[in-house]
file query05.cif (mmCIF, C-alpha atoms and all ligand atoms)
data_my_file
#
loop_
_atom_site.label_atom_id
_atom_site.label_comp_id
_atom_site.auth_asym_id
_atom_site.auth_seq_id
_atom_site.Cartn_x
_atom_site.Cartn_y
_atom_site.Cartn_z
CA MET A 10 -0.97 -7.11 -24.45
CA VAL A 11 -0.66 -5.93 -20.90
CA GLY A 12 -0.66 -2.27 -20.03
CA ARG A 13 0.16 -0.63 -16.75
CA ALA A 14 -3.16 1.11 -16.28
CA ALA A 15 -1.67 4.40 -15.19
CA SER A 16 0.69 4.85 -18.14
CA GLU A 17 0.41 2.93 -21.40
CA THR A 18 -3.33 2.42 -21.46
CA GLY A 19 -4.56 5.50 -19.69
CA ARG A 20 -5.65 5.88 -16.10
CA VAL A 21 -8.06 3.38 -14.71
CA THR A 22 -10.59 6.12 -14.01
CA GLU A 23 -10.53 7.29 -17.63
CA ARG A 24 -10.92 3.75 -18.84
CA ASP A 25 -13.81 3.42 -16.46
CA ALA A 26 -15.49 6.45 -17.96
CA ASP A 27 -14.97 5.08 -21.48
CA THR A 28 -16.52 1.73 -20.73
CA THR A 29 -20.16 1.69 -21.69
CA ASN A 30 -22.28 -0.20 -19.27
CA THR A 31 -22.37 -3.52 -21.10
CA GLY A 32 -21.30 -5.61 -18.13
CA ARG A 33 -18.51 -8.12 -18.47
CA GLY A 34 -17.53 -9.17 -21.94
CA MET A 35 -17.81 -12.72 -23.17
CA THR A 36 -14.30 -13.85 -22.46
CA SER A 37 -12.92 -17.05 -21.10
CA PHE A 38 -9.44 -17.56 -19.73
CA ARG A 39 -7.52 -19.53 -17.14
CA PHE A 40 -4.91 -18.38 -14.71
CA ILE A 41 -2.73 -19.80 -11.95
CA HIS A 42 -2.60 -18.30 -8.47
CA THR A 43 0.46 -19.12 -6.40
CA ALA A 44 2.31 -17.50 -3.48
CA ASP A 45 5.06 -18.14 -0.97
CA VAL A 46 7.40 -19.95 -3.31
CA HIS A 47 10.38 -19.01 -1.07
CA ILE A 48 12.89 -20.01 -3.73
CA ASP A 49 16.22 -21.13 -2.23
CA SER A 50 14.88 -20.94 1.30
CA PRO A 51 17.66 -22.30 3.50
CA LEU A 52 16.44 -25.49 5.09
CA ILE A 53 17.06 -25.18 8.77
CA GLY A 54 18.42 -28.26 10.47
CA LEU A 55 19.33 -30.03 7.24
CA THR A 56 23.04 -29.33 7.41
CA ARG A 57 23.74 -32.43 9.45
CA HIS A 58 22.02 -34.62 6.85
CA GLU A 59 23.63 -35.94 3.70
CA GLY A 60 22.73 -38.12 0.75
CA PRO A 61 20.37 -37.92 -2.22
CA ALA A 62 17.25 -37.30 -0.10
CA ALA A 63 18.82 -34.31 1.67
CA GLU A 64 19.90 -32.96 -1.74
CA ARG A 65 16.36 -33.42 -3.00
CA ILE A 66 15.03 -31.41 -0.09
CA ARG A 67 17.61 -28.68 -0.60
CA SER A 68 16.52 -28.14 -4.19
CA ALA A 69 12.80 -28.71 -3.53
CA THR A 70 11.65 -25.06 -3.72
CA ARG A 71 13.24 -24.75 -7.16
CA GLU A 72 11.89 -28.05 -8.44
CA ALA A 73 8.38 -27.17 -7.25
CA PHE A 74 8.55 -23.85 -9.12
CA ASP A 75 9.86 -25.65 -12.19
CA ASN A 76 6.81 -27.97 -11.92
CA LEU A 77 4.46 -25.02 -11.62
CA ILE A 78 5.86 -23.38 -14.74
CA GLY A 79 5.61 -26.69 -16.60
CA GLN A 80 1.95 -27.04 -15.62
CA ALA A 81 1.21 -23.42 -16.60
CA ILE A 82 2.61 -24.19 -20.06
CA ASP A 83 0.81 -27.55 -20.35
CA GLU A 84 -2.48 -25.97 -19.29
CA GLN A 85 -1.90 -22.98 -21.60
CA VAL A 86 -3.03 -20.49 -18.97
CA ALA A 87 -3.22 -16.81 -19.90
CA PHE A 88 -1.20 -15.64 -16.89
CA ILE A 89 0.12 -16.54 -13.48
CA VAL A 90 -0.18 -14.45 -10.32
CA ILE A 91 2.49 -14.69 -7.61
CA ALA A 92 1.10 -13.11 -4.43
CA GLY A 93 4.31 -12.43 -2.53
CA ASP A 94 7.41 -14.16 -1.20
CA LEU A 95 8.62 -15.52 -4.51
CA TYR A 96 12.05 -15.10 -2.93
CA ASP A 97 12.84 -16.14 0.61
CA GLY A 98 15.11 -13.17 1.23
CA ASP A 99 18.18 -11.48 -0.17
CA TRP A 100 19.92 -13.66 -2.77
CA ARG A 101 23.21 -15.16 -1.70
CA ASP A 102 24.38 -14.68 -5.28
CA PHE A 103 22.79 -14.18 -8.69
CA HIS A 104 21.88 -17.84 -9.17
CA THR A 105 18.50 -17.39 -7.49
CA GLY A 106 17.57 -14.52 -9.82
CA LEU A 107 18.92 -16.32 -12.87
CA PHE A 108 16.82 -19.37 -12.04
CA VAL A 109 13.69 -17.18 -11.93
CA SER A 110 14.69 -15.49 -15.21
CA LEU A 111 14.99 -18.90 -16.81
CA GLN A 112 11.51 -19.93 -15.63
CA MET A 113 9.94 -16.62 -16.67
CA GLY A 114 11.59 -17.08 -20.07
CA ARG A 115 9.84 -20.44 -20.44
CA LEU A 116 6.52 -18.68 -19.77
CA ALA A 117 7.37 -15.89 -22.23
CA LYS A 118 8.04 -18.42 -24.97
CA ALA A 119 4.59 -19.92 -24.32
CA GLY A 120 2.95 -16.47 -24.42
CA ILE A 121 2.11 -16.47 -20.69
CA GLN A 122 2.19 -13.31 -18.57
CA ALA A 123 3.36 -13.26 -14.95
CA PHE A 124 2.21 -10.75 -12.32
CA VAL A 125 4.54 -10.61 -9.35
CA LEU A 126 3.87 -8.95 -6.01
CA HIS A 127 6.53 -8.73 -3.31
CA GLY A 128 5.72 -9.69 0.28
CA ASN A 129 7.55 -9.42 3.58
CA HIS A 130 10.29 -11.87 2.60
CA ASP A 131 11.06 -10.25 -0.73
CA ALA A 132 10.12 -6.65 0.12
CA GLU A 133 12.08 -3.97 -1.74
CA SER A 134 14.25 -3.32 1.29
CA GLN A 135 15.08 -7.01 1.71
CA ILE A 136 16.45 -7.70 -1.77
CA THR A 137 19.68 -5.90 -2.62
CA LYS A 138 20.56 -7.68 -5.88
CA ARG A 139 18.42 -7.15 -8.96
CA LEU A 140 18.09 -8.57 -12.47
CA THR A 141 15.98 -7.31 -15.34
CA LEU A 142 13.17 -9.78 -15.89
CA PRO A 143 11.71 -10.67 -19.31
CA ASP A 144 8.93 -8.45 -20.75
CA ASN A 145 6.17 -10.90 -19.86
CA VAL A 146 6.74 -10.17 -16.16
CA SER A 147 4.94 -7.25 -14.48
CA VAL A 148 5.84 -6.35 -10.91
CA PHE A 149 3.40 -4.44 -8.68
CA SER A 150 4.82 -1.17 -7.41
CA ALA A 151 5.73 -0.82 -3.74
CA ARG A 152 5.17 2.96 -3.80
CA LYS A 153 1.41 2.89 -4.32
CA PRO A 154 -1.36 0.51 -5.38
CA ASP A 155 -0.81 -0.46 -8.98
CA SER A 156 -3.11 -1.85 -11.70
CA PHE A 157 -2.48 -3.86 -14.85
CA VAL A 158 -5.13 -4.33 -17.51
CA LEU A 159 -5.38 -7.18 -20.02
CA ASP A 160 -7.63 -5.65 -22.67
CA GLU A 161 -8.46 -8.72 -24.74
CA LEU A 162 -9.32 -10.79 -21.69
CA LYS A 163 -11.06 -7.94 -19.89
CA VAL A 164 -9.02 -8.54 -16.75
CA ALA A 165 -7.75 -5.92 -14.31
CA LEU A 166 -5.21 -6.85 -11.64
CA HIS A 167 -4.61 -4.59 -8.65
CA GLY A 168 -1.85 -4.87 -6.09
CA GLN A 169 0.80 -3.23 -3.98
CA SER A 170 4.14 -4.81 -3.17
CA PHE A 171 5.76 -4.46 0.25
CA ARG A 172 8.31 -1.67 0.44
CA GLN A 173 9.77 -2.96 3.66
CA ARG A 174 9.37 -6.14 5.61
CA ASP A 175 7.00 -4.96 8.30
CA VAL A 176 3.99 -3.42 6.59
CA THR A 177 1.59 -2.86 9.46
CA ASP A 178 -1.07 -0.79 7.64
CA ASN A 179 -4.18 -2.15 6.04
CA LEU A 180 -3.42 -1.74 2.32
CA VAL A 181 -6.93 -2.59 1.09
CA PRO A 182 -8.52 0.91 1.42
CA GLY A 183 -5.82 2.26 -0.91
CA TYR A 184 -6.52 -0.29 -3.63
CA PRO A 185 -8.44 1.18 -6.60
CA ASP A 186 -12.13 0.64 -7.20
CA PRO A 187 -12.93 -2.27 -9.50
CA VAL A 188 -12.86 -1.50 -13.22
CA SER A 189 -16.38 -2.02 -14.49
CA GLY A 190 -16.82 -4.50 -17.30
CA MET A 191 -13.65 -6.33 -16.28
CA TYR A 192 -12.77 -9.32 -14.14
CA ASN A 193 -11.01 -7.71 -11.17
CA ILE A 194 -8.29 -9.56 -9.32
CA GLY A 195 -6.84 -8.11 -6.12
CA VAL A 196 -3.34 -9.34 -5.30
CA LEU A 197 -2.30 -8.91 -1.69
CA HIS A 198 0.23 -10.26 0.77
CA THR A 199 -1.49 -10.26 4.14
CA ALA A 200 -1.87 -12.10 7.41
CA LEU A 201 -5.55 -11.08 7.25
CA GLY A 202 -6.60 -10.66 10.88
CA GLY A 203 -3.51 -12.43 12.16
CA MET A 204 -3.39 -16.14 11.40
CA ALA A 205 -1.70 -18.51 13.82
CA GLY A 206 2.04 -18.79 13.30
CA HIS A 207 2.28 -15.85 10.89
CA GLU A 208 3.48 -12.31 11.50
CA ASN A 209 0.52 -9.97 11.29
CA TYR A 210 1.61 -8.02 8.20
CA ALA A 211 -0.77 -5.81 6.19
CA PRO A 212 -3.73 -6.72 8.40
CA CYS A 213 -7.24 -6.49 6.98
CA SER A 214 -10.54 -8.27 7.44
CA LEU A 215 -12.43 -10.64 5.21
CA ASP A 216 -15.20 -8.02 5.15
CA ASP A 217 -12.74 -5.40 3.82
CA LEU A 218 -11.91 -7.74 0.97
CA LYS A 219 -15.51 -8.74 0.20
CA ALA A 220 -16.61 -5.10 0.23
CA LYS A 221 -14.02 -4.04 -2.35
CA GLY A 222 -16.11 -5.30 -5.26
CA TYR A 223 -13.38 -7.44 -6.84
CA ASP A 224 -14.06 -10.90 -8.26
CA TYR A 225 -11.01 -12.72 -6.89
CA TRP A 226 -8.56 -11.95 -4.10
CA ALA A 227 -5.25 -13.67 -4.79
CA LEU A 228 -3.68 -13.65 -1.33
CA GLY A 229 -0.32 -14.80 -0.04
CA HIS A 230 1.62 -15.12 3.23
CA VAL A 231 -0.29 -17.86 5.05
CA HIS A 232 1.37 -21.17 4.23
CA ASN A 233 -1.69 -23.33 4.85
CA GLY A 234 -4.00 -23.17 1.86
CA HIS A 235 -7.55 -21.89 2.53
CA VAL A 236 -10.43 -20.82 0.35
CA LEU A 237 -11.86 -18.22 2.74
CA HIS A 238 -14.81 -17.16 0.60
CA GLU A 239 -16.44 -17.88 -2.73
CA ASN A 240 -18.02 -15.27 -5.01
CA PRO A 241 -16.00 -13.20 -4.52
CA HIS A 242 -13.22 -15.72 -4.11
CA VAL A 243 -10.76 -14.97 -1.31
CA VAL A 244 -7.96 -17.49 -1.49
CA PHE A 245 -4.68 -18.35 0.21
CA PRO A 246 -3.10 -21.02 -2.01
CA GLY A 247 -0.57 -21.94 0.71
CA ASN A 248 3.08 -22.34 -0.15
CA LEU A 249 4.21 -24.22 -3.21
CA GLN A 250 6.53 -26.58 -1.38
CA GLY A 251 6.61 -27.50 2.31
CA ARG A 252 9.97 -26.59 3.81
CA HIS A 253 9.90 -28.24 7.21
CA ILE A 254 7.84 -30.44 9.49
CA ARG A 255 5.38 -27.63 10.31
CA GLU A 256 4.41 -27.54 6.61
CA THR A 257 2.94 -31.00 6.19
CA GLY A 258 0.71 -32.44 3.49
CA PRO A 259 0.18 -31.65 -0.19
CA LYS A 260 1.32 -28.20 -1.37
CA GLY A 261 0.63 -26.39 -4.58
CA ALA A 262 -1.16 -23.65 -6.48
CA HIS A 263 -4.65 -23.06 -7.89
CA LEU A 264 -5.73 -23.27 -11.50
CA VAL A 265 -8.75 -21.03 -12.02
CA ALA A 266 -10.99 -21.09 -15.10
CA VAL A 267 -13.19 -18.02 -15.70
CA GLU A 268 -15.96 -17.75 -18.26
CA ASP A 269 -17.96 -14.57 -18.69
CA GLY A 270 -16.89 -13.35 -15.28
CA GLU A 271 -17.76 -16.55 -13.41
CA ILE A 272 -15.38 -19.21 -12.08
CA THR A 273 -16.26 -22.44 -13.86
CA ASP A 274 -13.42 -24.54 -12.57
CA PHE A 275 -11.16 -24.24 -9.56
CA THR A 276 -8.54 -26.93 -9.08
CA THR A 277 -5.39 -27.48 -7.08
CA LEU A 278 -2.14 -28.27 -8.84
CA HIS A 279 0.18 -30.22 -6.60
CA CYS A 280 3.67 -28.97 -7.36
CA ASP A 281 5.61 -30.23 -4.34
CA VAL A 282 8.44 -32.69 -4.87
CA VAL A 283 8.95 -33.46 -1.18
CA ARG A 284 6.00 -34.00 1.15
CA TRP A 285 6.29 -33.64 4.92
CA SER A 286 4.46 -35.97 7.26
CA ARG A 287 4.23 -36.66 10.99
CA LEU A 288 3.94 -40.33 11.77
CA SER A 289 2.57 -41.17 15.16
CA VAL A 290 3.60 -44.75 15.95
CA PRO A 291 1.81 -46.35 18.94
CA VAL A 292 4.11 -48.85 20.65
CA ASP A 293 1.97 -49.80 23.69
CA ASP A 294 2.17 -53.53 23.02
CA CYS A 295 5.81 -53.71 21.90
CA GLY A 296 7.89 -55.93 24.18
CA GLY A 297 11.33 -54.81 22.93
CA PRO A 298 13.19 -52.47 20.59
CA ALA A 299 13.10 -54.98 17.71
CA GLU A 300 9.29 -54.88 17.71
CA VAL A 301 9.39 -51.11 17.86
CA SER A 302 11.70 -51.05 14.82
CA ASP A 303 9.26 -53.30 12.96
CA ARG A 304 6.40 -51.01 13.86
CA ILE A 305 8.35 -47.99 12.63
CA ARG A 306 9.12 -49.69 9.33
CA GLN A 307 5.48 -50.61 8.75
CA SER A 308 4.41 -47.09 9.54
CA ILE A 309 6.88 -45.58 7.04
CA GLU A 310 5.84 -48.02 4.32
CA GLN A 311 2.15 -47.29 4.86
CA ALA A 312 2.69 -43.53 4.82
CA VAL A 313 4.76 -43.70 1.64
CA SER A 314 2.02 -45.56 -0.20
CA ALA A 315 -0.84 -43.51 1.27
CA GLU A 316 0.54 -39.95 1.26
CA ALA A 317 3.56 -39.52 -0.97
CA ASP A 318 2.08 -40.16 -4.43
CA GLY A 319 5.54 -40.86 -5.82
CA ARG A 320 7.25 -37.97 -4.05
CA LEU A 321 9.90 -38.16 -1.36
CA LEU A 322 8.15 -38.37 2.02
CA ALA A 323 10.04 -36.49 4.74
CA CYS A 324 8.87 -38.02 8.02
CA ARG A 325 8.99 -37.11 11.65
CA ILE A 326 8.37 -40.20 13.72
CA GLU A 327 6.85 -39.93 17.16
CA LEU A 328 6.63 -43.03 19.33
CA THR A 329 3.49 -42.83 21.45
CA GLY A 330 1.58 -44.86 24.02
CA THR A 331 2.18 -46.35 27.41
CA SER A 332 5.16 -48.65 27.39
CA ASN A 333 6.85 -51.22 29.60
CA ILE A 334 10.12 -50.28 27.93
CA HIS A 335 9.76 -46.51 28.08
CA GLY A 336 13.17 -46.01 29.69
CA GLU A 337 14.82 -48.36 27.21
CA LEU A 338 13.25 -46.44 24.32
CA LEU A 339 14.47 -43.11 25.68
CA ALA A 340 17.95 -44.49 26.12
CA SER A 341 18.06 -46.04 22.65
CA ALA A 342 16.54 -43.15 20.70
CA GLU A 343 19.67 -42.76 18.58
CA ASN A 344 19.64 -46.42 17.68
CA LEU A 345 15.93 -46.28 16.81
CA MET A 346 16.58 -43.26 14.59
CA ALA A 347 19.24 -45.23 12.71
CA GLU A 348 16.80 -48.15 12.36
CA ALA A 349 14.16 -45.77 11.00
CA GLN A 350 16.66 -44.35 8.51
CA ALA A 351 17.62 -47.88 7.47
CA ALA A 352 13.94 -48.77 6.99
CA ALA A 353 13.43 -45.63 4.88
CA LEU A 354 16.44 -46.42 2.70
CA GLY A 355 15.23 -50.04 2.44
CA ILE A 356 12.12 -48.91 0.53
CA GLY A 357 14.45 -47.62 -2.21
CA ASP A 358 14.14 -44.89 -4.84
CA ASP A 359 14.36 -42.01 -2.37
CA ALA A 360 10.85 -42.83 -1.18
CA ALA A 361 11.28 -41.69 2.41
CA TRP A 362 13.61 -39.69 4.59
CA ILE A 363 13.55 -39.41 8.36
CA GLU A 364 13.82 -35.91 9.74
CA ARG A 365 13.66 -36.83 13.41
CA LEU A 366 12.50 -39.50 15.81
CA ILE A 367 10.90 -38.47 19.07
CA VAL A 368 10.19 -40.78 21.99
CA SER A 369 6.94 -39.52 23.54
CA THR A 370 5.92 -42.68 25.33
CA GLN A 371 4.83 -42.76 28.97
CA PRO A 372 6.15 -45.35 31.43
CA ARG A 373 3.65 -48.06 32.34
CA ARG A 374 5.05 -48.56 35.84
CA ALA A 375 7.85 -47.22 37.96
CA PRO A 376 11.14 -48.77 36.89
CA SER A 377 12.50 -51.34 39.32
CA VAL A 378 16.02 -50.50 40.33
CA SER A 379 18.56 -51.82 42.80
CA ALA A 380 18.97 -50.26 46.25
CA ASP A 381 22.36 -48.74 45.30
CA HIS A 382 20.88 -47.31 42.16
CA GLN A 383 17.92 -46.12 44.19
CA ASP A 384 20.17 -44.21 46.58
CA ALA A 385 22.15 -42.59 43.81
CA LEU A 386 18.96 -41.75 41.95
CA GLY A 387 17.43 -40.42 45.13
CA ASP A 388 20.37 -38.07 45.60
CA LEU A 389 20.10 -36.93 42.02
CA ARG A 390 16.36 -36.34 42.36
CA ASN A 391 16.84 -34.34 45.55
CA MET A 392 19.56 -32.31 43.95
CA LEU A 393 17.42 -31.55 40.93
CA ALA A 394 14.37 -30.84 43.06
CA ASP A 395 16.43 -28.28 45.00
CA ALA A 396 17.82 -26.89 41.78
CA GLY A 397 14.29 -25.87 40.76
CA LYS A 398 14.16 -23.58 43.81
CA ASP A 399 17.73 -22.28 43.51
CA GLU A 400 17.31 -18.63 42.51
CA GLY A 401 20.96 -18.27 41.55
CA LEU A 402 20.83 -21.26 39.23
CA LEU A 403 17.52 -20.14 37.72
CA GLN A 404 18.99 -16.71 37.05
CA GLN A 405 22.05 -18.27 35.45
CA LEU A 406 19.79 -20.38 33.20
CA ALA A 407 17.63 -17.36 32.40
CA SER A 408 20.68 -15.46 31.29
CA ASP A 409 22.29 -18.28 29.26
CA ILE A 410 19.21 -19.85 27.67
CA GLY A 411 17.41 -16.51 27.40
CA GLU A 412 20.27 -15.07 25.38
CA LEU A 413 20.23 -18.06 23.02
CA SER A 414 16.49 -18.05 22.50
CA ARG A 415 16.39 -14.30 21.82
CA ARG A 416 18.71 -14.94 18.90
CA LEU A 417 16.33 -17.49 17.33
CA PRO A 418 14.23 -16.31 14.37
CA THR A 419 10.56 -15.75 15.28
CA ASP A 420 9.21 -18.61 13.19
CA LEU A 421 11.55 -21.00 14.98
CA ARG A 422 10.63 -19.65 18.39
CA THR A 423 6.89 -19.88 17.78
CA GLY A 424 7.11 -23.24 16.03
CA VAL A 425 8.88 -25.23 18.73
CA GLU A 426 7.02 -28.38 19.69
CA ASP A 427 9.38 -30.16 22.01
CA ALA A 428 7.97 -29.51 25.50
CA ALA A 429 11.33 -28.94 27.18
CA LEU A 430 12.59 -26.64 24.42
CA LYS A 431 9.36 -24.70 24.50
CA ALA A 432 9.66 -24.29 28.28
CA ALA A 433 13.25 -23.10 27.83
CA ILE A 434 12.18 -20.52 25.25
CA ASP A 435 9.22 -19.44 27.38
CA GLY A 436 11.54 -18.99 30.38
CA ASP A 437 9.99 -21.79 32.47
CA TYR A 438 13.31 -23.05 33.83
CA ALA A 439 11.77 -24.93 36.74
CA TYR A 440 10.01 -27.09 34.12
CA VAL A 441 13.28 -27.60 32.29
CA ILE A 442 14.97 -28.85 35.44
CA ASP A 443 12.00 -31.11 36.18
CA HIS A 444 12.11 -32.53 32.67
CA VAL A 445 15.83 -33.19 32.93
CA GLN A 446 15.04 -35.23 36.03
CA ASP A 447 12.65 -37.56 34.11
CA TYR A 448 15.13 -37.97 31.33
CA LEU A 449 18.09 -38.68 33.55
CA SER A 450 16.11 -41.19 35.63
CA ALA A 451 15.06 -43.03 32.48
CA ARG A 452 18.60 -43.07 31.14
CA LEU A 453 20.09 -44.23 34.43
CA THR A 454 17.57 -47.02 34.96
CA ALA A 455 17.54 -48.31 31.38
CA PRO A 456 19.06 -51.78 31.00
CA GLY A 457 22.74 -51.87 30.23
CA GLN A 458 23.43 -48.55 31.93
MN MN B 501 5.05 -13.75 3.82
#
call {"tool": "encode", "arguments": {"input": "query05.cif", "output": "structure tokens"}}
result
Amino acid sequence: MVGRAASETGRVTERDADTTNTGRGMTSFRFIHTADVHIDSPLIGLTRHEGPAAERIRSATREAFDNLIGQAIDEQVAFIVIAGDLYDGDWRDFHTGLFVSLQMGRLAKAGIQAFVLHGNHDAESQITKRLTLPDNVSVFSARKPDSFVLDELKVALHGQSFRQRDVTDNLVPGYPDPVSGMYNIGVLHTALGGMAGHENYAPCSLDDLKAKGYDYWALGHVHNGHVLHENPHVVFPGNLQGRHIRETGPKGAHLVAVEDGEITDFTTLHCDVVRWSRLSVPVDDCGGPAEVSDRIRQSIEQAVSAEADGRLLACRIELTGTSNIHGELLASAENLMAEAQAAALGIGDDAAWIERLIVSTQPRRAPSVSADHQDALGDLRNMLADAGKDEGLLQQLASDIGELSRRLPTDLRTGVEDAALKAAIDGDYAYVIDHVQDYLSARLTAPGQ
């Protein structure tokens, strides 16, 4: 079966010397490459939501992994590779580890090996609780680059787990030379040269990877799937299950078929049980909120049939366009959100769930307001305009908001899309005050106010 190259089956270099130069053997096998499973990742912002859809989202990372294991068994793959961040962080209790033991046990029963590498989220220093995993699971060492050899399949896997969260060295030069006569798979958790929205851990270049002489680089860390190169293959599978609105679209793992050292089939297995989607709903020609609600409902229904493929579709709705009722929309955002939720529930069978509704329309013309209103609004505008130049106030905001935003996790800080929030985090308080002015004006001039 599998041998850790340095112990049970002799050092890689010795094996290398033993191998007569016959090239790769005539073997064929299939394996699954996955990464960034983030099991039991806490879903930020979900606490205020209830109901079956929210429950579904809470358990989604587990269900997606359960799907993956099921597909590995159905496809009778030889092994699976998990290229980092199987766990999201330290386990709250042993349930997370027990769930993984259960899934690995399913693989063991089907005669499937699993090769696990730890990334920044599940680095040695991050995980304090441990469980002994079944024998079919091999974990790459965090001390030094490690190799595992599958003799019958003529496969060698090389990798190094993260010892601590912030690995800033290029790990690739330390990885061993390819074992000749074998199919060499490099397993690495890396941000490569620094991909947008990802901490630049274990940086390396595509050229470093290509030059190593391996056949396949099973990468992890970047949550958007990319095939960066073919022959040798350099692949980020993306995460297995989207966890929030910045992780939209289908998510899954790759099924790779290799015959005589060549990839003959490379497919994507969609394992996600919840799919995230941004729905941009143009409302330019809507004369009132009822029409807007209709438009929202149509948009949800279309997206469910076009994108969800039977899964729960978690939607962020953004109302766009130039509108005669811009102020009214801003003022009734809560109501529109409830209408959107009602429309989602109306489709039935947990087909859709609304994460948020954002009013991003622009006013078509200046709102007409009474003279009294105009005076009061004028005062407010002047006050706010002065506020933007008030050093004392700006300093107060810098201290209060600055303190809050420094406490936010990096991925939240870098992922903010709301313009006012982003300005607040970036320390542009004059913009924040300006934005408050637009919002207050719209609220105060909306009908019924
Ligand atoms: Mn990572």
call {"tool": "residues_around", "arguments": {"input": "query05.cif", "residues": "region 390-395 of chain A", "least_positions_apart": "3", "cutoff": "7 Å", "atoms": "all atoms listed in the file", "output": "ChimeraX atom specification"}}
result
/A:386-387,398-399,442,446
call {"tool": "residues_near_ligand", "arguments": {"input": "query05.cif", "ligand": "ligand MN 501 (chain B)", "cutoff": "10 Å", "atoms": "only C-alpha atoms and all ligand atoms", "output": "ChimeraX atom specification"}}
result
/A:44-47,92-97,127-132,171,174,198-200,207-210,229-232,248
call {"tool": "closest_residue", "arguments": {"input": "query05.cif", "among": "A:Tyr184, A:Phe108, A:Phe88, A:Trp362", "to": "Glu72 (chain A)", "atoms": "only C-alpha atoms"}}
result
A:Phe108
call {"tool": "closest_residue", "arguments": {"input": "query05.cif", "among": "A:Asp217, A:Asp274, A:Asp49, A:Glu300", "to": "Thr70 (chain A)", "atoms": "all atoms listed in the file"}}
result
A:Asp49
call {"tool": "atom_distance", "arguments": {"input": "query05.cif", "atom1": "CA of Pro154 (chain A)", "atom2": "CA of Val181 (chain A)"}}
result
9.1 Å
call {"tool": "closest_residue", "arguments": {"input": "query05.cif", "among": "A:Leu215, A:Leu278, A:Leu126, A:Ala353", "to": "Pro246 (chain A)", "atoms": "only C-alpha atoms"}}
result
A:Leu278
call {"tool": "atom_distance", "arguments": {"input": "query05.cif", "atom1": "CA of Val148 (chain A)", "atom2": "CA of Val125 (chain A)"}}
result
4.7 Å
call {"tool": "atom_distance", "arguments": {"input": "query05.cif", "atom1": "CA of Ser369 (chain A)", "atom2": "CA of Arg415 (chain A)"}}
result
27.0 Å
call {"tool": "closest_residue", "arguments": {"input": "query05.cif", "among": "A:Leu116, A:Ile367, A:Ala340, A:Ala62", "to": "Asp75 (chain A)", "atoms": "only C-alpha atoms"}}
result
A:Leu116
